[in-house]
Every structure is written in structure tokens, then in C-alpha cells.
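Participant: Pasting a structure here, questions to come.
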Amino acid sequence: MKRIIYICIMILPNLVFAQWEENFENASLRIDYYHSGRYQIDYFTIQSYQRLDFYSGSHTYLIDETNNGAYKVALFDKRTKRMIFSKGFSSLFNEWQSSEEAKRMCGNYEETVIVPYPKNEVEIVFYSRDSINNWQEVAREDFNEDLLVENEVPLYNIIPLHPVNRKLEERMDLVFLPLGYTKQEKDKMMKDLKDFSEYMFIEEPYKSRENIINIEAIEYYTEKSGIPGLGERKDEEGTLGVTYNMFSSPRYIMTTKLWELNDVTNLLPCDALIIIVNSDVYGGGGIYNYYATCYTGDKAKEVLIHEFSHSFAGLGDEYSENDSDTGLQPIYAEPYEKNITTLVDFSAKWSDMIKKTTPIPTPTTKEYENEVGVFEGASYMPKGFYRPYQHCMMRDLYPFCPVCAKAINDMLDTYSK
Ligand SMILES: [Zn+2]
């Protein structure tokens with residue numbers, strides 16, 4: 001028996017490696033498409049493809065098993081009909097889709113996904129969630145090289161901030177894009193970038209995993225200092241579309257110009273992107289496998305880690321306040337975020353991390369202050385949504401709770417395998 005197990009372990013990495021070699025070139029396929037629709041209706045319309053001369057993701061973890069994200073893209077080999085790659089993600093369109101406006105009208109957003117470049121003929125398939133969060137296929141299209149457009153490699157300096165001596169496919173490549181810095185503010189930009197790369201490793205579990213997190217920045221300047229969206233600059237268009245006040249939430253920093261943004265960030269391998277906004281007005285944002293944003297003021301250290309954990313690990317907000325009409329989830333479905341439950345399918349969440357004697361729901365008393373439990377109030381809702389701990393980085397900027405820490409570590413493993 002022992003010998004059989006040993007042989008399986010020996011063969012497995014070779015099999016996975018063969019799958020990569022058999023199916024992919026060492027390059028990326030950038031897919032630009034329109035994501036349109038309205039409440040619970042999605043259309044994916046591919047506009048163009050680009051080939052990038054590197055692929056930063058894992059060569060062994062090719063099928064996404066995290067069940068994170070509101071959408072999923074997959075590649076199917078046309079000959080064998082087998083899924084050879086998949087990746088979950090969320091987007092700004094998804095947040096808009098949960099707004100009141102989306103019940104009255106259609107929306108149309110630019111989106112980009114980057115997948116490994118296929119060697120053979122493939123179909124590209126997009127999935128979205130149904131009302132109880134199961135995956136449903138919504139679009140299927142043959143990859144057509146005729147739609148490939150030439151990509152111009154942007155000419156910006158790359159600033160190494162936290163170099164990691166591991167292969168591209170065995171590390172997590174984090175990219176900082178500074179935004180709202182004029183050329184005269186170069187010194188401030190350099191200082192902010194250095195500070196931010198240090199902030200990344202103050203909190204656990206990121207601190208213990210710094211040996212697999214590579215950080216580089218793009219030296220990028222704008223004509224004006226700061227970004228628009230508030231006060232006198234309320235209606236101004238932002239560079240690369242980046243602005244405060246997305247969906248009328250003043251502190252929410254986002255962009256709808258995904259294609260322009262990717263034209264800049266496609267300069268270098270990028271598993272995760274953080275846009276650092278030169279402004280001391282509180283704000284940020286983070287969407288899973290999309291990007292995160294963060295301002296540079298007093299609370300930047302905590303906001304950075306909080307928002308990045310949305311965008312990198314797909315964690316949900318554990319607080320119950322809501323300042324916009326987006327992001328509301330149905331109470332009758334189990335949310336996909338690892339740190340939120342409606343108790344509809346709690347066994348899929350952190351039930352194995354709770355002591356048998358801890359009551360469900362758990363009272364927010366001193367007795368359970370440092371215990372994993374099921375505390376009511378999370379995901380912008382005071383009732384019906386539950387979080388794993390009384391305090392957490394995803395609720396009130398305390399250190400991460402054990403459930404969030406595990407989700408982050410699990411996600412980091414998918415990049416470093
Ligand atoms: Zn947490």
C-alpha cells in the first residue's frame with residue numbers, strides 16, 4: 001500500500017507538468033470583452049485578443065478549486081472536450097448588477113481576463129452565478145486568432161520593491177501602479193511605494209509568506225496631482241478612469257476603463273494589482289481577481305491590507321453598515337466568500353474550525369471574544385449574514401481572524417505550487 005501511495009505522489013507532478021506542456025505556450029492570452037446585461041442577466045461579447053510574452057500564474061494549479069468570484073472563465077480543449085483551465089473573478093459590473101438601477105436598465109462594462117495562451121484549438125466559456133449561487137454557463141465561443149490585435153508594450157520604468165528569487169510561475173507577482181503623481185512628486189511617489197511594500201508584510205499571514213510575494217511598481221506620472229471624483233473635481237474624467245465616488249459612494253475608488261488600465265499594466269507579469277492613489281482623502285476598493293485601490297493617508301496601512309484581501313483572496317466585508325445600494329446578496333443562498341455565511345450551507349465554510357461547545361449563532365460576549373464562532377452581522381447586513389470572529393481586518397481593521405488568515409494562506413498556496 002505504502003509503495004502505491006509513494007508512486008502516485010511521484011507521478012502526479014509529472015502529469016500536471018505534462019498538462020501544461022501539452023496545452024499551453026509560455027505566454028498569456030488577454031481577452032477584452034464587453035460584460036453587459038442587467039439584474040441576473042449577463043452577456044459576454046468578446047472584442048479582441050492580445051498575446052503577452054509571459055504568463056505569471058501557476059503551471060500546476062490550472063483548474064480553480066476555490067469557488068470564489070461572481071463569474072468564471074474556462075478554456076476547453078476542442079478535441080478532447082476537457083476543461084484545461086479555469087479562473088473565478090468578480091467585477092465592477094457585478095456590483096452594479098446588484099443595484100436598484102440594474103432592475104430598471106441595462107449596463108455595459110469593459111472587462112479583461114488573462115489566461116494562459118493555448119497551444120491547440122480551444123473554446124472560451126464564461127459562467128455566472130444563478131440565484132442560489134450555482135455556476136451557470138452563459139457564453140461559449142471558439143478562440144479565433146483573427147481577432148488578435150498587436151499589443152504595444154508600454155514604455156515605463158519598472159521599479160523593483162520586494163524581489164523574490166523564485167520562478168515566475170512559483171511566486172505571486174504583485175504590481176503597484178501609482179496614480180495621481182506629477183513628475184515633480186517623484187520623491188513622494190518613491191517614498192509611498194517603499195512604504196506600501198513594507199505595509200504588505202506588517203500583518204499576518206502575509207508577513208510569514210513574504211518569500212513568495214514579489215512586488216514591482218510601474219513608474220507612472222499624471223498631469224495633475226491626485227484623482228477626481230469629489231468637490232471641485234467631481235465631474236472630471238480621471239487618468240485611466242480612476243476616480244472617487246464610484247456608484248455615488250464618496251470613498252469608493254474605482255475605474256470603468258479596464259482596457260486602458262491593462263494597456264499600462266501589461267508591461268509586466270501581474271497576478272494582482274494595487275492602484276496607489278496619491279491623495280490623503282480616505283478611500284479605496286477591492287474586487288476579486290480584478291484590482292484593489294488605496295489612498296495614501298493616515299489609515300493607508302490598514303486600508304491597503306483590507307482592500308487587497310478582497311481583491312486577492314476574495315474575502316467579503318464582515319461589517320454590517322452599508323453606504324450604497326450595491327453589493328447586497330440574497331439571504332436564501334450561501335455566499336461564495338470564505339468568511340461569510342447565511343448558514344444555508346455552513347458545512348462548506350468554517351464549521352470545522354469551531355469548538356463543539358460554541359453556540360451557533362454565537363453571542364458577542366467576552367466569553368467568545370477570541371473564539372471562532374458564528375456572529376450575526378456581516379456583508380452590509382445586520383441580520384441574516386454571519387462572520388467568524390468578533391473583530392477582523394475585514395470588519396474593523398483588527399488583525400485577521402483565523403478564517404480569513406486560512407483563506408489568504410490557501411490562496412497564496414495556489415500561486416506558489
Ligand atoms: Zn475575518
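Convention: chains lettered A, B, ... in C-alpha cells order; per-chain residue numbering from 1; ligands numbered from 1 as shown.
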When the cut-off is 8 Å and you count only C-alpha atoms and all ligand atoms, which residues lie near ligand 1, shown as a PDB file with N, CA and C atoms, in the first residue's frame?
Facilitator:
ATOM      1  N   LEU A 315     -12.153  37.727  -0.081  1.00  0.00           N
ATOM      2  CA  LEU A 315     -12.843  37.811   1.212  1.00  0.00           C
ATOM      3  C   LEU A 315     -13.951  38.861   1.157  1.00  0.00           C
ATOM      4  N   GLU A 318     -16.872  42.040   6.601  1.00  0.00           N
ATOM      5  CA  GLU A 318     -17.527  41.475   7.790  1.00  0.00           C
ATOM      6  C   GLU A 318     -18.310  42.527   8.570  1.00  0.00           C
ATOM      7  N   ASN A 339     -15.418  33.897   4.312  1.00  0.00           N
ATOM      8  CA  ASN A 339     -15.561  34.399   5.689  1.00  0.00           C
ATOM      9  C   ASN A 339     -16.970  34.893   5.987  1.00  0.00           C
ATOM     10  N   ARG A 387     -20.442  36.289  10.491  1.00  0.00           N
ATOM     11  CA  ARG A 387     -18.976  36.357  10.339  1.00  0.00           C
ATOM     12  C   ARG A 387     -18.322  35.424  11.361  1.00  0.00           C
ATOM     13  N   PRO A 388     -17.034  35.083  11.167  1.00  0.00           N
ATOM     14  CA  PRO A 388     -16.429  34.068  12.025  1.00  0.00           C
ATOM     15  C   PRO A 388     -15.850  34.562  13.351  1.00  0.00           C
ATOM     16  N   TYR A 389     -15.693  35.857  13.542  1.00  0.00           N
ATOM     17  CA  TYR A 389     -14.950  36.358  14.697  1.00  0.00           C
ATOM     18  C   TYR A 389     -15.549  37.700  15.087  1.00  0.00           C
ATOM     19  N   HIS A 391     -13.889  40.485  15.917  1.00  0.00           N
ATOM     20  CA  HIS A 391     -13.131  41.529  15.221  1.00  0.00           C
ATOM     21  C   HIS A 391     -12.264  40.905  14.131  1.00  0.00           C
ATOM     22  N   CYS A 392     -11.998  41.669  13.084  1.00  0.00           N
ATOM     23  CA  CYS A 392     -11.158  41.153  11.992  1.00  0.00           C
ATOM     24  C   CYS A 392     -10.762  42.325  11.091  1.00  0.00           C
ATOM     25  N   MET A 393      -9.696  42.160  10.352  1.00  0.00           N
ATOM     26  CA  MET A 393      -9.298  43.161   9.352  1.00  0.00           C
ATOM     27  C   MET A 393     -10.442  43.442   8.367  1.00  0.00           C
ATOM     28  N   MET A 394     -11.285  42.442   8.118  1.00  0.00           N
ATOM     29  CA  MET A 394     -12.353  42.620   7.142  1.00  0.00           C
ATOM     30  C   MET A 394     -13.607  43.249   7.772  1.00  0.00           C
ATOM     31  N   ARG A 395     -13.538  43.505   9.122  1.00  0.00           N
ATOM     32  CA  ARG A 395     -14.668  44.175   9.787  1.00  0.00           C
ATOM     33  C   ARG A 395     -14.269  45.553  10.294  1.00  0.00           C
ATOM     34  N   PHE A 400      -6.263  39.876  11.171  1.00  0.00           N
ATOM     35  CA  PHE A 400      -7.167  38.924  10.518  1.00  0.00           C
ATOM     36  C   PHE A 400      -7.653  37.849  11.484  1.00  0.00           C
ATOM     37  N   CYS A 401      -8.912  37.456  11.341  1.00  0.00           N
ATOM     38  CA  CYS A 401      -9.437  36.335  12.114  1.00  0.00           C
ATOM     39  C   CYS A 401      -8.864  35.036  11.537  1.00  0.00           C
ATOM     40  N   PRO A 402      -8.909  33.923  12.276  1.00  0.00           N
ATOM     41  CA  PRO A 402      -8.319  32.673  11.785  1.00  0.00           C
ATOM     42  C   PRO A 402      -8.917  32.198  10.447  1.00  0.00           C
ATOM     43  N   VAL A 403     -10.208  32.461  10.223  1.00  0.00           N
ATOM     44  CA  VAL A 403     -10.847  32.003   8.973  1.00  0.00           C
ATOM     45  C   VAL A 403     -10.294  32.790   7.773  1.00  0.00           C
ATOM     46  N   CYS A 404     -10.175  34.105   7.923  1.00  0.00           N
ATOM     47  CA  CYS A 404      -9.618  34.921   6.835  1.00  0.00           C
ATOM     48  C   CYS A 404      -8.144  34.570   6.600  1.00  0.00           C
ATOM     49  N   ALA A 405      -7.401  34.376   7.709  1.00  0.00           N
ATOM     50  CA  ALA A 405      -5.978  34.043   7.568  1.00  0.00           C
ATOM     51  C   ALA A 405      -5.810  32.744   6.783  1.00  0.00           C
TER      52      ALA A 405
END
Participant: Any idea what's packed within 7 Å of segment 110-127 of chain A, counting only C-alpha atoms, ignoring anything in its chain fewer than 5 positions away? Could you give it as a PyMOL selection string?
Facilitator: chain A and resi 23-25+27-35+55+71-78+135-143+256-259
Participant: Keeping only C-alpha atoms, write the selected residues as an mmCIF file, in the first residue's frame.
Facilitator:
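Below is the file result16.cif, written as the result:
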data_model
loop_
_atom_site.group_PDB
_atom_site.id
_atom_site.type_symbol
_atom_site.label_atom_id
_atom_site.label_comp_id
_atom_site.auth_asym_id
_atom_site.auth_seq_id
_atom_site.Cartn_x
_atom_site.Cartn_y
_atom_site.Cartn_z
ATOM 1 C CA ASN A 23 -1.917 22.618 -23.613
ATOM 2 C CA PHE A 24 -0.159 25.949 -23.208
ATOM 3 C CA GLU A 25 2.589 28.142 -24.547
ATOM 4 C CA ALA A 27 2.592 33.268 -22.906
ATOM 5 C CA SER A 28 -0.727 34.863 -21.954
ATOM 6 C CA LEU A 29 -3.931 35.435 -23.840
ATOM 7 C CA ARG A 30 -5.568 38.737 -22.917
ATOM 8 C CA ILE A 31 -9.293 38.688 -23.638
ATOM 9 C CA ASP A 32 -11.068 42.074 -23.859
ATOM 10 C CA TYR A 33 -14.854 41.870 -23.857
ATOM 11 C CA TYR A 34 -17.994 43.752 -23.006
ATOM 12 C CA HIS A 35 -19.850 42.445 -19.990
ATOM 13 C CA TYR A 55 2.362 34.058 -18.095
ATOM 14 C CA TYR A 71 -18.010 34.784 -12.580
ATOM 15 C CA LYS A 72 -15.681 32.200 -14.026
ATOM 16 C CA VAL A 73 -13.797 31.888 -17.302
ATOM 17 C CA ALA A 74 -12.695 28.484 -18.574
ATOM 18 C CA LEU A 75 -10.836 27.055 -21.565
ATOM 19 C CA PHE A 76 -11.967 23.754 -23.105
ATOM 20 C CA ASP A 77 -9.804 21.756 -25.480
ATOM 21 C CA LYS A 78 -11.949 21.309 -28.609
ATOM 22 C CA TRP A 135 -22.498 28.206 -11.731
ATOM 23 C CA GLN A 136 -24.388 28.558 -15.000
ATOM 24 C CA GLU A 137 -22.734 28.698 -18.424
ATOM 25 C CA VAL A 138 -23.691 31.943 -20.189
ATOM 26 C CA ALA A 139 -21.342 32.236 -23.187
ATOM 27 C CA ARG A 140 -19.195 29.879 -25.256
ATOM 28 C CA GLU A 141 -17.017 30.951 -28.141
ATOM 29 C CA ASP A 142 -14.171 29.459 -30.225
ATOM 30 C CA PHE A 143 -10.856 31.232 -29.741
ATOM 31 C CA THR A 256 -14.546 51.559 -15.568
ATOM 32 C CA LYS A 257 -11.701 51.816 -18.133
ATOM 33 C CA LEU A 258 -10.316 48.323 -17.761
ATOM 34 C CA TRP A 259 -8.809 48.126 -21.234
#
Participant: Within segment 186-379 of chain A, find each residue whose DSSP state, derived from the backbone, is alpha helix (DSSP H), and express the selection as a short mmCIF file (atom, residue, chain, number, x, y, z; two decimals) with N, CA and C atoms, in the first residue's frame.
Facilitator:
data_model
loop_
_atom_site.label_atom_id
_atom_site.label_comp_id
_atom_site.auth_asym_id
_atom_site.auth_seq_id
_atom_site.Cartn_x
_atom_site.Cartn_y
_atom_site.Cartn_z
N LYS A 186 7.95 63.03 -7.77
CA LYS A 186 8.66 61.75 -7.87
C LYS A 186 9.15 61.24 -6.50
N ASP A 187 9.71 62.15 -5.69
CA ASP A 187 10.24 61.72 -4.39
C ASP A 187 9.14 61.15 -3.51
N LYS A 188 7.97 61.81 -3.54
CA LYS A 188 6.85 61.31 -2.72
C LYS A 188 6.40 59.94 -3.23
N MET A 189 6.37 59.82 -4.58
CA MET A 189 5.98 58.53 -5.16
C MET A 189 6.91 57.41 -4.68
N MET A 190 8.21 57.67 -4.75
CA MET A 190 9.18 56.65 -4.36
C MET A 190 9.02 56.28 -2.88
N LYS A 191 8.77 57.29 -2.05
CA LYS A 191 8.60 57.03 -0.62
C LYS A 191 7.31 56.23 -0.38
N ASP A 192 6.23 56.65 -1.03
CA ASP A 192 4.95 55.93 -0.86
C ASP A 192 5.08 54.47 -1.31
N LEU A 193 5.75 54.25 -2.44
CA LEU A 193 5.90 52.87 -2.94
C LEU A 193 6.67 52.01 -1.95
N LYS A 194 7.73 52.60 -1.40
CA LYS A 194 8.55 51.87 -0.42
C LYS A 194 7.71 51.56 0.83
N ASP A 195 6.99 52.60 1.31
CA ASP A 195 6.14 52.40 2.49
C ASP A 195 5.11 51.31 2.24
N PHE A 196 4.45 51.37 1.08
CA PHE A 196 3.39 50.40 0.79
C PHE A 196 3.94 48.97 0.71
N SER A 197 5.15 48.83 0.15
CA SER A 197 5.69 47.46 0.07
C SER A 197 6.04 46.96 1.47
N GLU A 198 6.35 47.87 2.39
CA GLU A 198 6.56 47.44 3.79
C GLU A 198 5.23 47.12 4.49
N TYR A 199 4.20 47.94 4.21
CA TYR A 199 2.88 47.68 4.81
C TYR A 199 2.38 46.27 4.49
N LEU A 258 -11.17 49.49 -17.97
CA LEU A 258 -10.32 48.32 -17.76
C LEU A 258 -9.31 48.10 -18.88
N TRP A 259 -9.71 48.40 -20.11
CA TRP A 259 -8.81 48.13 -21.23
C TRP A 259 -7.61 49.08 -21.21
N GLU A 260 -7.88 50.36 -20.94
CA GLU A 260 -6.78 51.34 -20.84
C GLU A 260 -5.86 50.96 -19.68
N LEU A 261 -6.45 50.55 -18.58
CA LEU A 261 -5.66 50.16 -17.41
C LEU A 261 -4.75 48.98 -17.76
N ASN A 262 -5.30 47.98 -18.44
CA ASN A 262 -4.49 46.82 -18.83
C ASN A 262 -3.41 47.18 -19.85
N ASP A 263 -3.68 48.19 -20.69
CA ASP A 263 -2.64 48.62 -21.63
C ASP A 263 -1.38 49.07 -20.89
N VAL A 264 -1.55 49.59 -19.69
CA VAL A 264 -0.39 50.02 -18.88
C VAL A 264 0.18 48.83 -18.10
N THR A 265 -0.70 48.06 -17.44
CA THR A 265 -0.18 47.01 -16.54
C THR A 265 0.34 45.78 -17.30
N ALA A 300 -3.79 54.34 5.58
CA ALA A 300 -3.42 53.60 4.35
C ALA A 300 -2.97 52.17 4.63
N LYS A 301 -2.22 52.02 5.72
CA LYS A 301 -1.66 50.70 6.05
C LYS A 301 -2.78 49.65 6.17
N GLU A 302 -3.82 50.01 6.91
CA GLU A 302 -4.91 49.06 7.15
C GLU A 302 -5.82 48.94 5.91
N VAL A 303 -6.10 50.09 5.28
CA VAL A 303 -6.98 50.07 4.09
C VAL A 303 -6.35 49.22 2.99
N LEU A 304 -5.04 49.35 2.83
CA LEU A 304 -4.32 48.57 1.81
C LEU A 304 -4.55 47.07 2.01
N ILE A 305 -4.32 46.61 3.24
CA ILE A 305 -4.42 45.17 3.52
C ILE A 305 -5.88 44.70 3.41
N HIS A 306 -6.80 45.53 3.88
CA HIS A 306 -8.23 45.19 3.80
C HIS A 306 -8.66 45.06 2.33
N GLU A 307 -8.37 46.08 1.54
CA GLU A 307 -8.82 46.07 0.14
C GLU A 307 -8.11 44.99 -0.68
N PHE A 308 -6.82 44.83 -0.41
CA PHE A 308 -6.07 43.81 -1.13
C PHE A 308 -6.64 42.42 -0.84
N SER A 309 -7.12 42.20 0.38
CA SER A 309 -7.65 40.89 0.73
C SER A 309 -8.99 40.60 0.06
N HIS A 310 -9.73 41.66 -0.29
CA HIS A 310 -10.89 41.47 -1.18
C HIS A 310 -10.39 41.01 -2.55
N SER A 311 -9.43 41.75 -3.09
CA SER A 311 -9.06 41.53 -4.49
C SER A 311 -8.21 40.27 -4.67
N PHE A 312 -7.42 39.94 -3.67
CA PHE A 312 -6.54 38.77 -3.82
C PHE A 312 -7.21 37.48 -3.35
N ALA A 313 -7.86 37.52 -2.19
CA ALA A 313 -8.38 36.28 -1.60
C ALA A 313 -9.90 36.16 -1.70
#
Participant: Which value, in Å to one decimal, gives the distance between atom CA of Cys270 of chain A and atom CA of Asp173 of chain A?
Facilitator: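 If I compute the distance from atom CA of Cys270 of chain A to atom CA of Asp173 of chain A, I get 5.3 Å.
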Participant: With DSSP run on the backbone, what are the strand (DSSP E) residues within segment 238-386 of chain A? I'd like them as a VMD selection string.
Facilitator: chain A and resid 272 to 277 284 to 287 291 to 294 375 to 378 381 to 386
Participant: Counting only C-alpha atoms, figure out which residue out of A:Met411, A:Val164, A:Leu397, A:Ile227 gets nearest to Asn211 of chain A.
Facilitator: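 When distances to Asn211 of chain A are compared using only C-alpha atoms, the smallest one comes from A:Val164.
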Participant: Using only C-alpha atoms, pick whichever of A:Glu371, A:Asp130, A:Glu65, A:Glu236 has the shortest atom-to-atom distance to Asp42 of chain A.
Facilitator: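 Checking each of A:Glu371, A:Asp130, A:Glu65, A:Glu236 against Asp42 of chain A, counting only C-alpha atoms, the winner is A:Asp130.
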Participant: Using only C-alpha atoms, which of the listed residues (A:Ile408, A:Ile202, A:Leu179, A:Gly241) sits closest to Ile274 of chain A?
Facilitator: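 Counting only C-alpha atoms, the residue closest to Ile274 of chain A is A:Leu179.
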Participant: Determine the nearest neighbour of Asp396 of chain A from the options A:Ala378, A:Leu267, A:Ile213, A:Val344, counting only C-alpha atoms.
Facilitator: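 Closest residue, counting only C-alpha atoms: A:Ala378.
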Participant: Using atom CA of Glu100 of chain A and atom CA of Thr239 of chain A as the two end points, give the distance in Å to one decimal.
Facilitator: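 According to the coordinates, atom CA of Glu100 of chain A and atom CA of Thr239 of chain A are separated by 28.3 Å.
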Participant: Near Gln329 of chain A, counting only C-alpha atoms, which residues have an atom at most 9 Å away, once you skip same-chain residues fewer than 4 positions from it, shown as a PyMOL selection string?
Facilitator: chain A and resi 98+333+335+379
Participant: What's around Asp146 of chain A at 12 Å? Count only C-alpha atoms, leave out sequence neighbours fewer than 4 positions away in its own chain, and write the answer as a compact mmCIF listing (two decimals) with C-alpha atoms, in the first residue's frame.
Facilitator:
# COMPACT_ATOMS: atom_id res chain seq x y z
CA GLN A 47 -13.99 42.33 -28.72
CA SER A 48 -10.33 41.41 -29.16
CA TYR A 49 -7.43 39.26 -28.05
CA GLN A 50 -3.81 40.08 -27.35
CA ASP A 142 -14.17 29.46 -30.22
CA GLU A 150 -0.98 43.81 -31.96
Participant: Pick the closest to Thr414 of chain A from A:Glu169, A:Asn157, A:Asn134, A:Ile41: which is it, counting only C-alpha atoms?
Facilitator: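 Between A:Glu169, A:Asn157, A:Asn134, A:Ile41, the residue approaching Thr414 of chain A most closely is A:Glu169.
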Participant: When you look at Ile63 of chain A with a cut-off of 9 Å (counting only C-alpha atoms), what residues show up, excluding the ones that are within fewer than 3 positions of it in the same chain? I need them as a list in words.
Facilitator: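 Answer for this query is Thr60, Ala74, Met83, Ile84, Phe85, Ser86 and Lys87 of chain A.
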Participant: When distances are computed from only C-alpha atoms, which of A:Ser225, A:Gln184, A:Asn245, A:Gln40 shows the smallest separation from Ser279 of chain A?
Facilitator: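 Selected residue with least distance to Ser279 of chain A: A:Ser225.
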